[in-house]
>>> print(open('target-v2.txt').read())   # compact mmCIF, C-alpha atoms
# COMPACT_ATOMS: atom_id res chain seq x y z
CA MET H 304 0.00 0.00 0.00
CA HIS H 305 2.87 2.30 0.79
CA ILE H 306 4.36 1.64 -2.67
CA ILE H 307 1.10 2.57 -4.39
CA ARG H 308 0.84 5.84 -2.45
CA SER H 309 4.47 6.71 -3.27
CA LEU H 310 3.81 6.13 -7.02
CA VAL H 311 0.53 8.05 -7.03
CA SER H 312 2.11 11.36 -6.03
CA PRO H 313 4.67 11.49 -8.87
CA ILE H 314 2.09 10.24 -11.41
CA ALA H 315 -0.45 12.82 -10.24
CA ALA H 316 2.15 15.55 -10.45
CA ALA H 317 3.07 14.50 -14.00
CA VAL H 318 -0.60 14.44 -15.09
CA LEU H 319 -1.25 17.87 -13.59
CA THR H 320 1.88 19.27 -15.28
CA ILE H 321 0.85 17.90 -18.68
CA ALA H 322 -2.66 19.30 -18.24
CA ALA H 323 -1.29 22.71 -17.31
CA ILE H 324 1.03 22.76 -20.34
CA GLU H 325 -1.76 21.77 -22.71
CA THR H 326 -4.06 24.46 -21.25
CA ALA H 327 -1.40 27.14 -21.60
CA SER H 328 -0.65 26.01 -25.14
CA ALA H 329 -4.33 26.18 -26.07
CA GLN H 330 -4.66 29.64 -24.55
CA SER H 331 -1.71 31.06 -26.50
CA THR H 332 -3.09 29.62 -29.77
CA VAL H 333 -6.51 31.15 -29.13
CA ALA H 334 -4.97 34.43 -28.02
CA SER H 335 -2.76 34.68 -31.07
CA ALA H 336 -5.71 34.01 -33.36
CA ASN H 337 -7.97 36.59 -31.72
CA VAL H 338 -5.63 39.30 -30.47
CA ARG H 339 -3.72 41.79 -32.59
CA LEU H 340 -0.59 43.21 -31.00
CA ALA H 341 -0.63 46.94 -30.32
CA THR H 342 3.08 47.26 -31.09
CA ARG H 343 4.80 46.39 -34.31
CA SER H 344 7.60 43.90 -34.47
CA ALA H 345 11.16 45.15 -34.18
CA ASP H 346 12.07 44.23 -37.75
CA ILE H 347 9.77 46.93 -39.15
CA VAL H 348 11.61 50.23 -39.07
CA ASP H 349 10.16 53.51 -40.27
CA ALA H 350 12.50 55.70 -42.25
CA PRO H 351 12.82 59.15 -40.72
CA ARG H 352 10.70 61.77 -42.44
CA GLN H 353 12.62 64.34 -44.41
CA ARG H 354 11.64 67.99 -44.44
CA THR H 355 12.86 69.81 -47.55
CA LEU H 356 14.74 72.99 -46.66
CA ALA H 357 15.75 74.14 -50.14
CA ILE H 358 15.81 73.03 -53.74
CA TYR H 359 18.55 74.49 -55.91
CA GLN H 360 18.14 74.60 -59.70
CA PHE H 361 21.35 75.22 -61.65
CA ASP H 362 21.85 76.95 -64.98
CA GLY H 363 24.44 75.89 -67.47
CA SER H 364 25.23 72.72 -69.28
CA HIS H 365 28.43 71.47 -67.70
CA GLU H 366 28.46 67.71 -68.14
CA GLY H 367 28.22 65.90 -64.82
CA ILE H 368 27.01 68.96 -62.87
CA PRO H 369 23.60 68.45 -61.23
CA ALA H 370 20.53 70.18 -62.61
CA GLN H 371 18.98 70.09 -59.14
CA VAL H 372 20.18 69.69 -55.55
CA THR H 373 17.78 69.18 -52.65
CA VAL H 374 18.81 69.88 -49.05
CA ALA H 375 16.59 68.46 -46.30
CA ASP H 376 16.37 67.89 -42.57
CA SER H 377 16.14 64.21 -41.61
CA ALA H 378 15.63 63.74 -37.87
CA GLY H 379 17.78 66.77 -37.07
CA LYS H 380 20.54 65.91 -39.55
CA LEU H 381 21.17 67.71 -42.83
CA VAL H 382 20.98 65.47 -45.89
CA ALA H 383 21.22 66.26 -49.59
CA SER H 384 20.63 64.61 -52.94
CA TYR H 385 21.21 65.60 -56.54
CA ARG H 386 19.67 64.87 -59.91
CA LEU H 387 21.55 65.15 -63.18
CA ARG H 388 20.12 67.03 -66.15
CA GLY H 389 17.71 64.77 -68.03
CA GLY H 390 17.70 62.17 -65.26
CA TRP H 391 15.18 61.20 -62.62
CA ALA H 392 17.34 59.26 -60.19
CA GLU H 393 18.30 61.10 -57.04
CA ARG H 394 21.76 60.35 -55.71
CA PRO H 395 22.99 61.10 -52.18
CA MET H 396 25.38 63.90 -51.27
CA THR H 397 27.10 64.89 -48.05
CA VAL H 398 26.26 68.34 -46.79
CA ASP H 399 28.17 70.58 -44.39
CA VAL H 400 27.73 74.17 -43.33
CA ALA H 401 30.60 76.64 -43.02
CA ASP H 402 29.34 79.98 -41.66
CA SER H 403 26.86 81.19 -44.27
CA ASP H 404 27.97 78.79 -47.03
CA ILE H 405 26.73 75.30 -47.83
CA LEU H 406 29.28 72.67 -48.88
CA LEU H 407 28.04 69.67 -50.87
CA GLN H 408 29.99 66.63 -52.01
CA ALA H 409 29.23 63.40 -53.88
CA GLN H 410 31.05 60.54 -55.56
CA THR H 411 30.15 60.33 -59.25
CA PRO H 412 31.36 58.18 -62.15
CA ARG H 413 33.39 61.22 -63.30
CA GLY H 414 35.07 61.72 -59.92
CA THR H 415 34.39 63.64 -56.74
CA LEU H 416 31.86 66.43 -57.17
CA THR H 417 32.24 69.37 -54.79
CA MET H 418 29.86 72.33 -54.73
CA VAL H 419 30.08 75.44 -52.55
CA LEU H 420 26.91 77.55 -52.40
CA TYR H 421 27.73 81.04 -51.10
CA GLN H 422 25.51 82.63 -48.43
CA GLN H 423 22.80 79.96 -48.73
CA ASN H 424 22.80 79.11 -45.01
CA ASP H 425 21.28 82.51 -44.19
CA PRO H 426 17.49 82.26 -44.67
CA ASP H 427 17.10 86.06 -44.51
CA ALA H 428 19.69 86.83 -47.17
CA ALA H 429 18.17 87.80 -50.50
CA VAL H 430 21.21 86.95 -52.60
CA PRO H 431 21.34 85.20 -55.96
CA LEU H 432 22.50 81.60 -56.01
CA VAL H 433 26.20 81.76 -56.78
CA GLY H 434 28.91 79.30 -55.98
CA LEU H 435 31.77 77.16 -57.23
CA TRP H 436 31.91 73.58 -58.43
CA SER H 437 34.69 71.11 -59.08
CA LEU H 438 34.44 67.69 -60.69
CA GLY H 439 37.59 65.68 -61.14
CA THR H 440 40.09 68.15 -62.61
CA ARG H 441 37.45 70.58 -63.92
CA GLN H 442 35.99 73.51 -62.02
CA GLY H 443 33.81 76.52 -62.59
CA GLU H 444 31.24 78.97 -61.29
CA LEU H 445 27.70 77.96 -60.32
CA ARG H 446 24.66 80.08 -61.08
CA GLY H 447 21.07 79.19 -60.40
CA ARG H 448 18.01 79.82 -58.29
CA ALA H 449 16.86 78.61 -54.90
CA GLU H 450 13.37 77.52 -53.91
CA ARG H 451 12.63 77.48 -50.17
>>> encode(input="target-v2.txt", output="structure tokens")
Amino acid sequence: MHIIRSLVSPIAAAVLTIAAIETASAQSTVASANVRLATRSADIVDAPRQRTLAIYQFDGSHEGIPAQVTVADSAGKLVASYRLRGGWAERPMTVDVADSDILLQAQTPRGTLTMVLYQQNDPDAAVPLVGLWSLGTRQGELRGRAER
């Protein structure tokens, strides 16, 4: 009789454990079928919104010089992109500010493109868009218009 009682306790514990596991498993299946999570999974990442600060349109027909440069604010960081004349693809540029000037740079198939836009960091300045560009071994003056 003592042997039977000593076997009953472990068997009862095992049966109760299995029943508890099956109940929990059933609850999670039902919950996952009926409940939509309020948070999104970590693998979905929203790209930061960009706020356009200025669009620069350039005159002239220098080969390899952008027709348009866009400078934007992306989560507190300045970003820029350019589009070549006759093209639709926007390509990234680095952007830095030096006092009232904006410095832009990009790697292109023709070499490193550098653009300096004079007095374009001053939103109150009513100055024409003038600057300098260099691409590989070539360089010249930039003229254009700014849209803000």
>>> closest_residue(input="target-v2.txt", among="H:Val398, H:Leu387, H:Leu381, H:Leu438", to="Gln360 (chain H)", atoms="only C-alpha atoms")
H:Leu387
>>> residues_near_point(input="target-v2.txt", point="(26.8, 78.0, -60.9)", cutoff="7 Å", atoms="all atoms listed in the file", output="list in words")
Phe361, Asp362, Val433, Gly434, Leu435, Glu444, Leu445, Arg446 and Gly447 of chain H
>>> closest_atom_pairs(input="target-v2.txt", of="region 349-395 of chain H", to="region 418-429 of chain H", cutoff="12 Å", atoms="all atoms listed in the file", output="tab-separated table")
residue	atom	partner	partner_atom	distance
H:Leu356	CA	H:Pro426	CA	9.9
H:Ala357	CA	H:Gln423	CA	9.3
H:Ile358	CA	H:Gln423	CA	11.0
H:Tyr359	CA	H:Leu420	CA	9.6
H:Gln360	CA	H:Leu420	CA	11.8
H:Phe361	CA	H:Leu420	CA	11.0
H:Ile368	CA	H:Met418	CA	9.3
H:Pro369	CA	H:Met418	CA	9.8
H:Gln371	CA	H:Met418	CA	12.0
H:Val372	CA	H:Met418	CA	10.1
H:Val374	CA	H:Asn424	CA	10.8
H:Leu381	CA	H:Asn424	CA	11.7
H:Ala383	CA	H:Met418	CA	11.7
H:Tyr385	CA	H:Met418	CA	11.1
>>> write_last_selection(input="target-v2.txt", atoms="C-alpha atoms", output="compact mmCIF listing (two decimals), in the frame of the given file")
# COMPACT_ATOMS: atom_id res chain seq x y z
CA LEU H 356 14.74 72.99 -46.66
CA ALA H 357 15.75 74.14 -50.14
CA ILE H 358 15.81 73.03 -53.74
CA TYR H 359 18.55 74.49 -55.91
CA GLN H 360 18.14 74.60 -59.70
CA PHE H 361 21.35 75.22 -61.65
CA ILE H 368 27.01 68.96 -62.87
CA PRO H 369 23.60 68.45 -61.23
CA GLN H 371 18.98 70.09 -59.14
CA VAL H 372 20.18 69.69 -55.55
CA VAL H 374 18.81 69.88 -49.05
CA LEU H 381 21.17 67.71 -42.83
CA ALA H 383 21.22 66.26 -49.59
CA TYR H 385 21.21 65.60 -56.54
>>> atom_distance(input="target-v2.txt", atom1="CA of Glu366 (chain H)", atom2="CA of Ala401 (chain H)")
26.7 Å
>>> closest_residue(input="target-v2.txt", among="H:Val400, H:Glu450, H:His365, H:Gln408", to="Arg388 (chain H)", atoms="all atoms listed in the file")
H:His365
>>> closest_residue(input="target-v2.txt", among="H:Ser437, H:Thr415, H:Gln353, H:Thr373", to="Ala449 (chain H)", atoms="all atoms listed in the file")
H:Thr373
>>> atom_distance(input="target-v2.txt", atom1="CA of Gly439 (chain H)", atom2="CA of Ala409 (chain H)")
11.3 Å
>>> decode(input="target-v2.txt", residues="region 384-418 of chain H", atoms="N, CA and C atoms", output="PDB file, in the first residue's frame")
ATOM      1  N   SER H 384      20.618  65.508 -51.783  1.00  0.00           N
ATOM      2  CA  SER H 384      20.632  64.609 -52.935  1.00  0.00           C
ATOM      3  C   SER H 384      20.694  65.468 -54.191  1.00  0.00           C
ATOM      4  N   TYR H 385      21.137  64.862 -55.288  1.00  0.00           N
ATOM      5  CA  TYR H 385      21.213  65.595 -56.542  1.00  0.00           C
ATOM      6  C   TYR H 385      20.609  64.774 -57.663  1.00  0.00           C
ATOM      7  N   ARG H 386      20.225  65.487 -58.703  1.00  0.00           N
ATOM      8  CA  ARG H 386      19.674  64.866 -59.906  1.00  0.00           C
ATOM      9  C   ARG H 386      20.372  65.496 -61.100  1.00  0.00           C
ATOM     10  N   LEU H 387      20.870  64.650 -61.982  1.00  0.00           N
ATOM     11  CA  LEU H 387      21.549  65.146 -63.177  1.00  0.00           C
ATOM     12  C   LEU H 387      20.539  65.626 -64.210  1.00  0.00           C
ATOM     13  N   ARG H 388      20.979  66.504 -65.090  1.00  0.00           N
ATOM     14  CA  ARG H 388      20.123  67.027 -66.152  1.00  0.00           C
ATOM     15  C   ARG H 388      19.631  65.867 -67.011  1.00  0.00           C
ATOM     16  N   GLY H 389      18.315  65.818 -67.215  1.00  0.00           N
ATOM     17  CA  GLY H 389      17.713  64.773 -68.032  1.00  0.00           C
ATOM     18  C   GLY H 389      17.495  63.463 -67.291  1.00  0.00           C
ATOM     19  N   GLY H 390      17.869  63.401 -66.031  1.00  0.00           N
ATOM     20  CA  GLY H 390      17.702  62.166 -65.260  1.00  0.00           C
ATOM     21  C   GLY H 390      16.656  62.327 -64.172  1.00  0.00           C
ATOM     22  N   TRP H 391      16.182  61.191 -63.688  1.00  0.00           N
ATOM     23  CA  TRP H 391      15.177  61.198 -62.618  1.00  0.00           C
ATOM     24  C   TRP H 391      15.717  60.639 -61.309  1.00  0.00           C
ATOM     25  N   ALA H 392      16.797  59.899 -61.396  1.00  0.00           N
ATOM     26  CA  ALA H 392      17.345  59.257 -60.194  1.00  0.00           C
ATOM     27  C   ALA H 392      18.004  60.293 -59.293  1.00  0.00           C
ATOM     28  N   GLU H 393      17.644  60.246 -58.016  1.00  0.00           N
ATOM     29  CA  GLU H 393      18.297  61.102 -57.036  1.00  0.00           C
ATOM     30  C   GLU H 393      19.437  60.324 -56.395  1.00  0.00           C
ATOM     31  N   ARG H 394      20.572  60.981 -56.288  1.00  0.00           N
ATOM     32  CA  ARG H 394      21.756  60.355 -55.707  1.00  0.00           C
ATOM     33  C   ARG H 394      22.154  61.123 -54.450  1.00  0.00           C
ATOM     34  N   PRO H 395      22.676  60.429 -53.444  1.00  0.00           N
ATOM     35  CA  PRO H 395      22.990  61.100 -52.179  1.00  0.00           C
ATOM     36  C   PRO H 395      24.234  61.980 -52.258  1.00  0.00           C
ATOM     37  N   MET H 396      24.245  63.010 -51.416  1.00  0.00           N
ATOM     38  CA  MET H 396      25.385  63.904 -51.266  1.00  0.00           C
ATOM     39  C   MET H 396      25.621  64.111 -49.770  1.00  0.00           C
ATOM     40  N   THR H 397      26.847  64.438 -49.423  1.00  0.00           N
ATOM     41  CA  THR H 397      27.098  64.891 -48.052  1.00  0.00           C
ATOM     42  C   THR H 397      26.900  66.399 -48.041  1.00  0.00           C
ATOM     43  N   VAL H 398      26.492  66.897 -46.912  1.00  0.00           N
ATOM     44  CA  VAL H 398      26.259  68.337 -46.791  1.00  0.00           C
ATOM     45  C   VAL H 398      26.872  68.821 -45.482  1.00  0.00           C
ATOM     46  N   ASP H 399      27.577  69.929 -45.560  1.00  0.00           N
ATOM     47  CA  ASP H 399      28.170  70.578 -44.389  1.00  0.00           C
ATOM     48  C   ASP H 399      27.887  72.065 -44.497  1.00  0.00           C
ATOM     49  N   VAL H 400      27.963  72.730 -43.368  1.00  0.00           N
ATOM     50  CA  VAL H 400      27.734  74.165 -43.326  1.00  0.00           C
ATOM     51  C   VAL H 400      28.993  74.817 -42.789  1.00  0.00           C
ATOM     52  N   ALA H 401      29.448  75.859 -43.460  1.00  0.00           N
ATOM     53  CA  ALA H 401      30.598  76.643 -43.020  1.00  0.00           C
ATOM     54  C   ALA H 401      30.172  78.108 -43.014  1.00  0.00           C
ATOM     55  N   ASP H 402      29.871  78.616 -41.822  1.00  0.00           N
ATOM     56  CA  ASP H 402      29.343  79.975 -41.655  1.00  0.00           C
ATOM     57  C   ASP H 402      28.066  80.126 -42.481  1.00  0.00           C
ATOM     58  N   SER H 403      28.079  80.980 -43.484  1.00  0.00           N
ATOM     59  CA  SER H 403      26.858  81.188 -44.270  1.00  0.00           C
ATOM     60  C   SER H 403      26.849  80.379 -45.570  1.00  0.00           C
ATOM     61  N   ASP H 404      27.876  79.572 -45.795  1.00  0.00           N
ATOM     62  CA  ASP H 404      27.973  78.789 -47.030  1.00  0.00           C
ATOM     63  C   ASP H 404      27.561  77.336 -46.795  1.00  0.00           C
ATOM     64  N   ILE H 405      27.074  76.717 -47.862  1.00  0.00           N
ATOM     65  CA  ILE H 405      26.728  75.296 -47.825  1.00  0.00           C
ATOM     66  C   ILE H 405      27.715  74.550 -48.704  1.00  0.00           C
ATOM     67  N   LEU H 406      28.312  73.486 -48.156  1.00  0.00           N
ATOM     68  CA  LEU H 406      29.282  72.668 -48.876  1.00  0.00           C
ATOM     69  C   LEU H 406      28.645  71.316 -49.174  1.00  0.00           C
ATOM     70  N   LEU H 407      28.635  70.930 -50.436  1.00  0.00           N
ATOM     71  CA  LEU H 407      28.035  69.665 -50.872  1.00  0.00           C
ATOM     72  C   LEU H 407      29.094  68.824 -51.559  1.00  0.00           C
ATOM     73  N   GLN H 408      29.021  67.500 -51.356  1.00  0.00           N
ATOM     74  CA  GLN H 408      29.993  66.629 -52.011  1.00  0.00           C
ATOM     75  C   GLN H 408      29.351  65.282 -52.324  1.00  0.00           C
ATOM     76  N   ALA H 409      29.750  64.713 -53.470  1.00  0.00           N
ATOM     77  CA  ALA H 409      29.228  63.402 -53.878  1.00  0.00           C
ATOM     78  C   ALA H 409      30.269  62.689 -54.728  1.00  0.00           C
ATOM     79  N   GLN H 410      30.217  61.368 -54.682  1.00  0.00           N
ATOM     80  CA  GLN H 410      31.052  60.544 -55.558  1.00  0.00           C
ATOM     81  C   GLN H 410      30.248  60.259 -56.823  1.00  0.00           C
ATOM     82  N   THR H 411      30.820  60.549 -57.967  1.00  0.00           N
ATOM     83  CA  THR H 411      30.154  60.327 -59.250  1.00  0.00           C
ATOM     84  C   THR H 411      31.051  59.465 -60.131  1.00  0.00           C
ATOM     85  N   PRO H 412      30.510  58.944 -61.228  1.00  0.00           N
ATOM     86  CA  PRO H 412      31.357  58.180 -62.150  1.00  0.00           C
ATOM     87  C   PRO H 412      32.504  59.011 -62.736  1.00  0.00           C
ATOM     88  N   ARG H 413      32.359  60.328 -62.753  1.00  0.00           N
ATOM     89  CA  ARG H 413      33.394  61.216 -63.302  1.00  0.00           C
ATOM     90  C   ARG H 413      34.382  61.711 -62.241  1.00  0.00           C
ATOM     91  N   GLY H 414      34.189  61.287 -60.995  1.00  0.00           N
ATOM     92  CA  GLY H 414      35.073  61.719 -59.917  1.00  0.00           C
ATOM     93  C   GLY H 414      34.286  62.340 -58.777  1.00  0.00           C
ATOM     94  N   THR H 415      35.020  62.991 -57.891  1.00  0.00           N
ATOM     95  CA  THR H 415      34.387  63.636 -56.742  1.00  0.00           C
ATOM     96  C   THR H 415      33.825  64.986 -57.156  1.00  0.00           C
ATOM     97  N   LEU H 416      32.541  65.171 -56.898  1.00  0.00           N
ATOM     98  CA  LEU H 416      31.861  66.430 -57.172  1.00  0.00           C
ATOM     99  C   LEU H 416      31.809  67.231 -55.886  1.00  0.00           C
ATOM    100  N   THR H 417      32.295  68.466 -55.934  1.00  0.00           N
ATOM    101  CA  THR H 417      32.237  69.371 -54.792  1.00  0.00           C
ATOM    102  C   THR H 417      31.541  70.644 -55.238  1.00  0.00           C
ATOM    103  N   MET H 418      30.593  71.093 -54.437  1.00  0.00           N
ATOM    104  CA  MET H 418      29.864  72.325 -54.729  1.00  0.00           C
ATOM    105  C   MET H 418      29.865  73.193 -53.471  1.00  0.00           C
TER     106      MET H 418
END
